[in-house]
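Below is one structure, written out as structure tokens; comments come after it.
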Amino acid sequence: MASDKQSTIDHSSLRRSPALEAAEDRALTQRDGEEKQTEDDKRAHHPVKAALPTPADHPLHNLRPGDHILDRDFRIRILLPPDQQLKKAKLHCCWQLKHLLREYEQIVKQRLQQSADLSSFILELKTVLEVCLKSHPECRSMPPPQYYSQLISEMETLGWDKMLFIDTNFQTLKLKAEDSSGRQHVLNIKLKSKHPTEAPDCSADLPVPLNINWTPQSTLDQLHSQFLLVLESLAEFWDVLDEIDTKTWILEPERPSRSDTMRRIAIKNNVSIRVEVDPRHPRMLPECCLLGAEHVVTPLRSKLNANMHT
């Protein structure tokens, strides 16, 4: 029986083929090249990365939906003297800017004196304007052209003779009105930039709140007519107070206005009576309060109470 012989192979005696060695050399060269390229790319992109802004970890502004961004243009001319000293410069500006800065004139002069150069002063002036515009929301934006044509058309319908005042922005108006007794009244109107879509702000010297009905189709003529109706509803109230003012000695108020409902009337030395008239029910007995020394006021109060219940 033949036995199998195991043969032992000496691997150290094997030689690597030239083709294998060449392949390994190419692989090593390619790996070294890739590593070098990666390092070069990092060095090449480092300046670009450094130039990019770092992502902020906080909000870049505090604006909220509905906030106004101040965007107004004004014309201004700054004349420097021959010696180019900014402190002696003269400012010429458009009438809108002049009107806007009328309350900040001293601040502008101070900034002009303290600014190092013209650029610094312009920045200071811009800051003052931003503060001014924020405190005057009505000046942030000018009404569109159709606003003015609409306003002129409404005033022609109402009648220019009823206008007592209009400001330079054509937004604040004062209209006069006369009640059936010939008393003169003034209606103050503050128009919005979206007039007539937005209702105006109205006020008057009245003893009751002024409630005006307004729609996008309303006009100043209709507004004036509503005001006349309000005046007529208060005519009897003013008749009563006018009679009191004419026939008694009024201590307070010294200069009664049409909105005052109280009168303090002198009765005799060191004694007076304070009456409060209800604008809606002027013929009803008013609230009364006797003022003076108690020993003098007590008998008068008794007589007053007796007459009130008879």
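To be explicit about the labels: the chains of the structure tokens are called A, B, and onward in the order shown, and within each one the residues are counted from 1, while ligands get numbers from 1 in the order they are shown.
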
Q: Name all residues at most 9 Å from Ile212 (chain A) (count only C-alpha atoms; drop same-chain ones fewer than 6 positions away) and give them as a list in words.
A: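 After dropping sequence-adjacent residues, the list is Cys202, Leu223, Gln226 and Phe227 of chain A.
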
Can you write out the residues you just picked, keeping N, CA, C and O atoms, as a PDB file, in the first residue's frame?
ATOM      1  N   CYS A 202     -62.372 112.041  14.678  1.00  0.00           N
ATOM      2  CA  CYS A 202     -63.134 113.284  14.818  1.00  0.00           C
ATOM      3  C   CYS A 202     -63.287 113.649  16.288  1.00  0.00           C
ATOM      4  O   CYS A 202     -63.425 112.769  17.144  1.00  0.00           O
ATOM      5  N   LEU A 223     -70.237 113.774   6.736  1.00  0.00           N
ATOM      6  CA  LEU A 223     -69.705 113.880   8.091  1.00  0.00           C
ATOM      7  C   LEU A 223     -70.172 115.176   8.755  1.00  0.00           C
ATOM      8  O   LEU A 223     -70.589 115.190   9.926  1.00  0.00           O
ATOM      9  N   GLN A 226     -73.826 114.900   9.778  1.00  0.00           N
ATOM     10  CA  GLN A 226     -73.992 114.147  11.022  1.00  0.00           C
ATOM     11  C   GLN A 226     -73.658 115.012  12.230  1.00  0.00           C
ATOM     12  O   GLN A 226     -74.324 114.943  13.272  1.00  0.00           O
ATOM     13  N   PHE A 227     -72.631 115.836  12.086  1.00  0.00           N
ATOM     14  CA  PHE A 227     -72.239 116.714  13.180  1.00  0.00           C
ATOM     15  C   PHE A 227     -73.342 117.721  13.496  1.00  0.00           C
ATOM     16  O   PHE A 227     -73.622 118.021  14.664  1.00  0.00           O
TER      17      PHE A 227
END

Show me, as a PDB file with N, CA and C atoms, in the first residue's frame, the residues that have an atom within 8 Å of region 253-270 of chain A when counting only C-alpha atoms, minus same-chain residues fewer than 3 positions from it.
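And here's out.pdb as it stands now:
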ATOM      1  N   ASP A 205     -65.951 120.020  20.795  1.00  0.00           N
ATOM      2  CA  ASP A 205     -66.189 120.464  22.169  1.00  0.00           C
ATOM      3  C   ASP A 205     -67.635 120.156  22.531  1.00  0.00           C
ATOM      4  N   LEU A 206     -67.873 118.907  22.944  1.00  0.00           N
ATOM      5  CA  LEU A 206     -69.220 118.429  23.233  1.00  0.00           C
ATOM      6  C   LEU A 206     -69.274 117.818  24.629  1.00  0.00           C
ATOM      7  N   PRO A 207     -70.446 117.831  25.267  1.00  0.00           N
ATOM      8  CA  PRO A 207     -70.576 117.212  26.593  1.00  0.00           C
ATOM      9  C   PRO A 207     -70.784 115.701  26.529  1.00  0.00           C
ATOM     10  N   VAL A 208     -70.893 115.160  25.326  1.00  0.00           N
ATOM     11  CA  VAL A 208     -71.103 113.722  25.129  1.00  0.00           C
ATOM     12  C   VAL A 208     -70.106 113.235  24.081  1.00  0.00           C
ATOM     13  N   TRP A 238     -77.626 123.375  25.759  1.00  0.00           N
ATOM     14  CA  TRP A 238     -76.898 124.644  25.720  1.00  0.00           C
ATOM     15  C   TRP A 238     -77.816 125.831  25.997  1.00  0.00           C
ATOM     16  N   THR A 248     -77.135 134.365  36.295  1.00  0.00           N
ATOM     17  CA  THR A 248     -76.517 134.085  37.599  1.00  0.00           C
ATOM     18  C   THR A 248     -75.060 134.512  37.581  1.00  0.00           C
ATOM     19  N   TRP A 249     -74.489 134.504  38.782  1.00  0.00           N
ATOM     20  CA  TRP A 249     -73.071 134.837  38.938  1.00  0.00           C
ATOM     21  C   TRP A 249     -72.290 133.521  38.975  1.00  0.00           C
ATOM     22  N   ILE A 250     -71.590 133.226  37.894  1.00  0.00           N
ATOM     23  CA  ILE A 250     -70.864 131.964  37.759  1.00  0.00           C
ATOM     24  C   ILE A 250     -69.465 132.112  38.358  1.00  0.00           C
ATOM     25  N   ILE A 273     -73.610 127.233  45.218  1.00  0.00           N
ATOM     26  CA  ILE A 273     -74.233 125.951  44.903  1.00  0.00           C
ATOM     27  C   ILE A 273     -73.631 125.420  43.604  1.00  0.00           C
ATOM     28  N   ARG A 274     -73.353 124.157  43.624  1.00  0.00           N
ATOM     29  CA  ARG A 274     -72.791 123.506  42.439  1.00  0.00           C
ATOM     30  C   ARG A 274     -73.878 122.651  41.797  1.00  0.00           C
ATOM     31  N   VAL A 275     -74.121 122.903  40.502  1.00  0.00           N
ATOM     32  CA  VAL A 275     -75.159 122.162  39.782  1.00  0.00           C
ATOM     33  C   VAL A 275     -74.525 121.410  38.614  1.00  0.00           C
ATOM     34  N   GLU A 276     -75.038 120.217  38.371  1.00  0.00           N
ATOM     35  CA  GLU A 276     -74.568 119.370  37.270  1.00  0.00           C
ATOM     36  C   GLU A 276     -75.764 119.063  36.383  1.00  0.00           C
ATOM     37  N   VAL A 277     -75.721 119.555  35.140  1.00  0.00           N
ATOM     38  CA  VAL A 277     -76.838 119.408  34.214  1.00  0.00           C
ATOM     39  C   VAL A 277     -76.603 118.193  33.326  1.00  0.00           C
ATOM     40  N   ASP A 278     -77.637 117.373  33.172  1.00  0.00           N
ATOM     41  CA  ASP A 278     -77.559 116.191  32.320  1.00  0.00           C
ATOM     42  C   ASP A 278     -77.754 116.620  30.863  1.00  0.00           C
ATOM     43  N   PRO A 279     -76.763 116.398  29.980  1.00  0.00           N
ATOM     44  CA  PRO A 279     -76.900 116.838  28.577  1.00  0.00           C
ATOM     45  C   PRO A 279     -78.079 116.195  27.860  1.00  0.00           C
ATOM     46  N   GLY A 292     -70.299 125.848  51.569  1.00  0.00           N
ATOM     47  CA  GLY A 292     -70.143 126.964  52.496  1.00  0.00           C
ATOM     48  C   GLY A 292     -70.129 126.480  53.926  1.00  0.00           C
ATOM     49  N   ALA A 293     -70.158 127.426  54.862  1.00  0.00           N
ATOM     50  CA  ALA A 293     -70.176 127.079  56.289  1.00  0.00           C
ATOM     51  C   ALA A 293     -71.438 126.287  56.618  1.00  0.00           C
TER      52      ALA A 293
END

Q: Could you give me, as a ChimeraX atom specification, the residues within 8 Å of Ile76 (chain A), counting only C-alpha atoms and dropping anything in the same chain fewer than 2 positions from it?
A: /A:74,78,91-94

**Q.** region 175-303 of chain A: residues DSSP assigns to alpha helix (DSSP H), reported as a ChimeraX atom specification
**A.** /A:220-233,235-247,294-303

Output the selection as a JSON list (two decimals), in the first residue's frame - N, CA and C atoms for each residue.
[["chain", "number", "residue", "atom", "x", "y", "z"],
["A", 220, "LEU", "N", -66.90, 114.09, 3.40],
["A", 220, "LEU", "CA", -66.85, 115.14, 4.42],
["A", 220, "LEU", "C", -68.18, 115.86, 4.55],
["A", 221, "ASP", "N", -68.90, 115.98, 3.46],
["A", 221, "ASP", "CA", -70.21, 116.62, 3.50],
["A", 221, "ASP", "C", -71.17, 115.81, 4.38],
["A", 222, "GLN", "N", -71.15, 114.50, 4.23],
["A", 222, "GLN", "CA", -71.99, 113.64, 5.07],
["A", 222, "GLN", "C", -71.54, 113.70, 6.53],
["A", 223, "LEU", "N", -70.24, 113.77, 6.74],
["A", 223, "LEU", "CA", -69.71, 113.88, 8.09],
["A", 223, "LEU", "C", -70.17, 115.18, 8.76],
["A", 224, "HIS", "N", -70.14, 116.26, 8.01],
["A", 224, "HIS", "CA", -70.58, 117.55, 8.52],
["A", 224, "HIS", "C", -72.07, 117.53, 8.84],
["A", 225, "SER", "N", -72.85, 116.85, 8.02],
["A", 225, "SER", "CA", -74.29, 116.75, 8.26],
["A", 225, "SER", "C", -74.58, 115.97, 9.55],
["A", 226, "GLN", "N", -73.83, 114.90, 9.78],
["A", 226, "GLN", "CA", -73.99, 114.15, 11.02],
["A", 226, "GLN", "C", -73.66, 115.01, 12.23],
["A", 227, "PHE", "N", -72.63, 115.84, 12.09],
["A", 227, "PHE", "CA", -72.24, 116.71, 13.18],
["A", 227, "PHE", "C", -73.34, 117.72, 13.50],
["A", 228, "LEU", "N", -74.00, 118.24, 12.47],
["A", 228, "LEU", "CA", -75.11, 119.18, 12.68],
["A", 228, "LEU", "C", -76.26, 118.51, 13.45],
["A", 229, "LEU", "N", -76.52, 117.25, 13.15],
["A", 229, "LEU", "CA", -77.57, 116.53, 13.88],
["A", 229, "LEU", "C", -77.21, 116.37, 15.35],
["A", 230, "VAL", "N", -75.94, 116.11, 15.62],
["A", 230, "VAL", "CA", -75.49, 116.00, 17.02],
["A", 230, "VAL", "C", -75.68, 117.34, 17.73],
["A", 231, "LEU", "N", -75.35, 118.42, 17.05],
["A", 231, "LEU", "CA", -75.50, 119.75, 17.65],
["A", 231, "LEU", "C", -76.97, 120.04, 17.98],
["A", 232, "GLU", "N", -77.87, 119.66, 17.09],
["A", 232, "GLU", "CA", -79.29, 119.91, 17.33],
["A", 232, "GLU", "C", -79.81, 119.08, 18.50],
["A", 233, "SER", "N", -79.25, 117.89, 18.69],
["A", 233, "SER", "CA", -79.68, 117.06, 19.82],
["A", 233, "SER", "C", -79.24, 117.65, 21.15],
["A", 235, "ALA", "N", -79.01, 121.10, 21.56],
["A", 235, "ALA", "CA", -79.38, 122.51, 21.55],
["A", 235, "ALA", "C", -80.09, 122.92, 22.85],
["A", 236, "GLU", "N", -81.00, 122.09, 23.35],
["A", 236, "GLU", "CA", -81.73, 122.43, 24.57],
["A", 236, "GLU", "C", -80.80, 122.48, 25.77],
["A", 237, "PHE", "N", -79.82, 121.59, 25.80],
["A", 237, "PHE", "CA", -78.83, 121.59, 26.89],
["A", 237, "PHE", "C", -78.08, 122.92, 26.92],
["A", 238, "TRP", "N", -77.63, 123.37, 25.76],
["A", 238, "TRP", "CA", -76.90, 124.64, 25.72],
["A", 238, "TRP", "C", -77.82, 125.83, 26.00],
["A", 239, "ASP", "N", -79.09, 125.73, 25.63],
["A", 239, "ASP", "CA", -80.04, 126.79, 25.95],
["A", 239, "ASP", "C", -80.15, 126.97, 27.47],
["A", 240, "VAL", "N", -80.22, 125.84, 28.18],
["A", 240, "VAL", "CA", -80.33, 125.89, 29.64],
["A", 240, "VAL", "C", -79.09, 126.51, 30.26],
["A", 241, "LEU", "N", -77.92, 126.07, 29.81],
["A", 241, "LEU", "CA", -76.68, 126.61, 30.38],
["A", 241, "LEU", "C", -76.48, 128.07, 30.01],
["A", 242, "ASP", "N", -76.86, 128.45, 28.80],
["A", 242, "ASP", "CA", -76.74, 129.86, 28.42],
["A", 242, "ASP", "C", -77.62, 130.73, 29.31],
["A", 243, "GLU", "N", -78.80, 130.23, 29.66],
["A", 243, "GLU", "CA", -79.69, 130.98, 30.55],
["A", 243, "GLU", "C", -79.08, 131.11, 31.94],
["A", 244, "ILE", "N", -78.48, 130.01, 32.43],
["A", 244, "ILE", "CA", -77.82, 130.07, 33.74],
["A", 244, "ILE", "C", -76.66, 131.06, 33.71],
["A", 245, "ASP", "N", -75.87, 131.02, 32.64],
["A", 245, "ASP", "CA", -74.72, 131.92, 32.54],
["A", 245, "ASP", "C", -75.16, 133.38, 32.47],
["A", 246, "THR", "N", -76.30, 133.63, 31.87],
["A", 246, "THR", "CA", -76.77, 135.01, 31.69],
["A", 246, "THR", "C", -77.39, 135.58, 32.96],
["A", 247, "LYS", "N", -78.09, 134.76, 33.73],
["A", 247, "LYS", "CA", -78.90, 135.26, 34.84],
["A", 247, "LYS", "C", -78.31, 134.98, 36.22],
["A", 294, "GLU", "N", -71.29, 125.28, 57.47],
["A", 294, "GLU", "CA", -72.39, 124.37, 57.74],
["A", 294, "GLU", "C", -73.59, 125.08, 58.36],
["A", 295, "HIS", "N", -73.34, 126.03, 59.27],
["A", 295, "HIS", "CA", -74.47, 126.70, 59.93],
["A", 295, "HIS", "C", -75.24, 127.59, 58.97],
["A", 296, "VAL", "N", -74.60, 127.96, 57.86],
["A", 296, "VAL", "CA", -75.29, 128.77, 56.85],
["A", 296, "VAL", "C", -75.95, 127.88, 55.81],
["A", 297, "VAL", "N", -75.28, 126.79, 55.48],
["A", 297, "VAL", "CA", -75.76, 125.91, 54.42],
["A", 297, "VAL", "C", -76.94, 125.06, 54.86],
["A", 298, "THR", "N", -76.99, 124.68, 56.15],
["A", 298, "THR", "CA", -78.04, 123.77, 56.63],
["A", 298, "THR", "C", -79.45, 124.28, 56.38],
["A", 299, "PRO", "N", -79.80, 125.51, 56.74],
["A", 299, "PRO", "CA", -81.17, 125.97, 56.45],
["A", 299, "PRO", "C", -81.45, 126.06, 54.96],
["A", 300, "LEU", "N", -80.45, 126.42, 54.17],
["A", 300, "LEU", "CA", -80.65, 126.48, 52.72],
["A", 300, "LEU", "C", -80.89, 125.09, 52.14],
["A", 301, "ARG", "N", -80.18, 124.11, 52.68],
["A", 301, "ARG", "CA", -80.36, 122.74, 52.21],
["A", 301, "ARG", "C", -81.77, 122.24, 52.54],
["A", 302, "SER", "N", -82.27, 122.61, 53.70],
["A", 302, "SER", "CA", -83.62, 122.20, 54.09],
["A", 302, "SER", "C", -84.66, 122.80, 53.15],
["A", 303, "LYS", "N", -84.50, 124.07, 52.81],
["A", 303, "LYS", "CA", -85.43, 124.71, 51.88],
["A", 303, "LYS", "C", -85.34, 124.07, 50.50]]

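Distance check against Thr219 (chain A) using only C-alpha atoms: of A:Ser153, A:Gln184, A:Lys194, A:Arg280, the minimum falls on A:Ser153.
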
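Atom to atom, CA of Ser272 (chain A) and CA of Leu285 (chain A) stand 17.3 Å apart.
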
Q: For region 144-152 of chain A, work out the shell of residues within 8 Å, counting only C-alpha atoms and skipping chain neighbours fewer than 4 positions away, then give it as a ChimeraX atom specification.
A: /A:156,170,193-195

Store the residues of this selection in a file with C-alpha atoms, as a short mmCIF file (atom, residue, chain, number, x, y, z; two decimals), in the first residue's frame.
data_model
loop_
_atom_site.label_atom_id
_atom_site.label_comp_id
_atom_site.auth_asym_id
_atom_site.auth_seq_id
_atom_site.Cartn_x
_atom_site.Cartn_y
_atom_site.Cartn_z
CA GLU A 156 -65.92 121.62 -3.16
CA PHE A 170 -53.73 118.17 4.13
CA SER A 193 -53.67 108.31 4.44
CA LYS A 194 -56.16 105.79 3.02
CA HIS A 195 -59.09 108.20 3.11
#

Q) When you draw a straight line from CA of Glu105 (chain A) to CA of Ile189 (chain A), how long is it in Å? A)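 About the pair CA of Glu105 (chain A) and CA of Ile189 (chain A): they are 27.8 Å apart.
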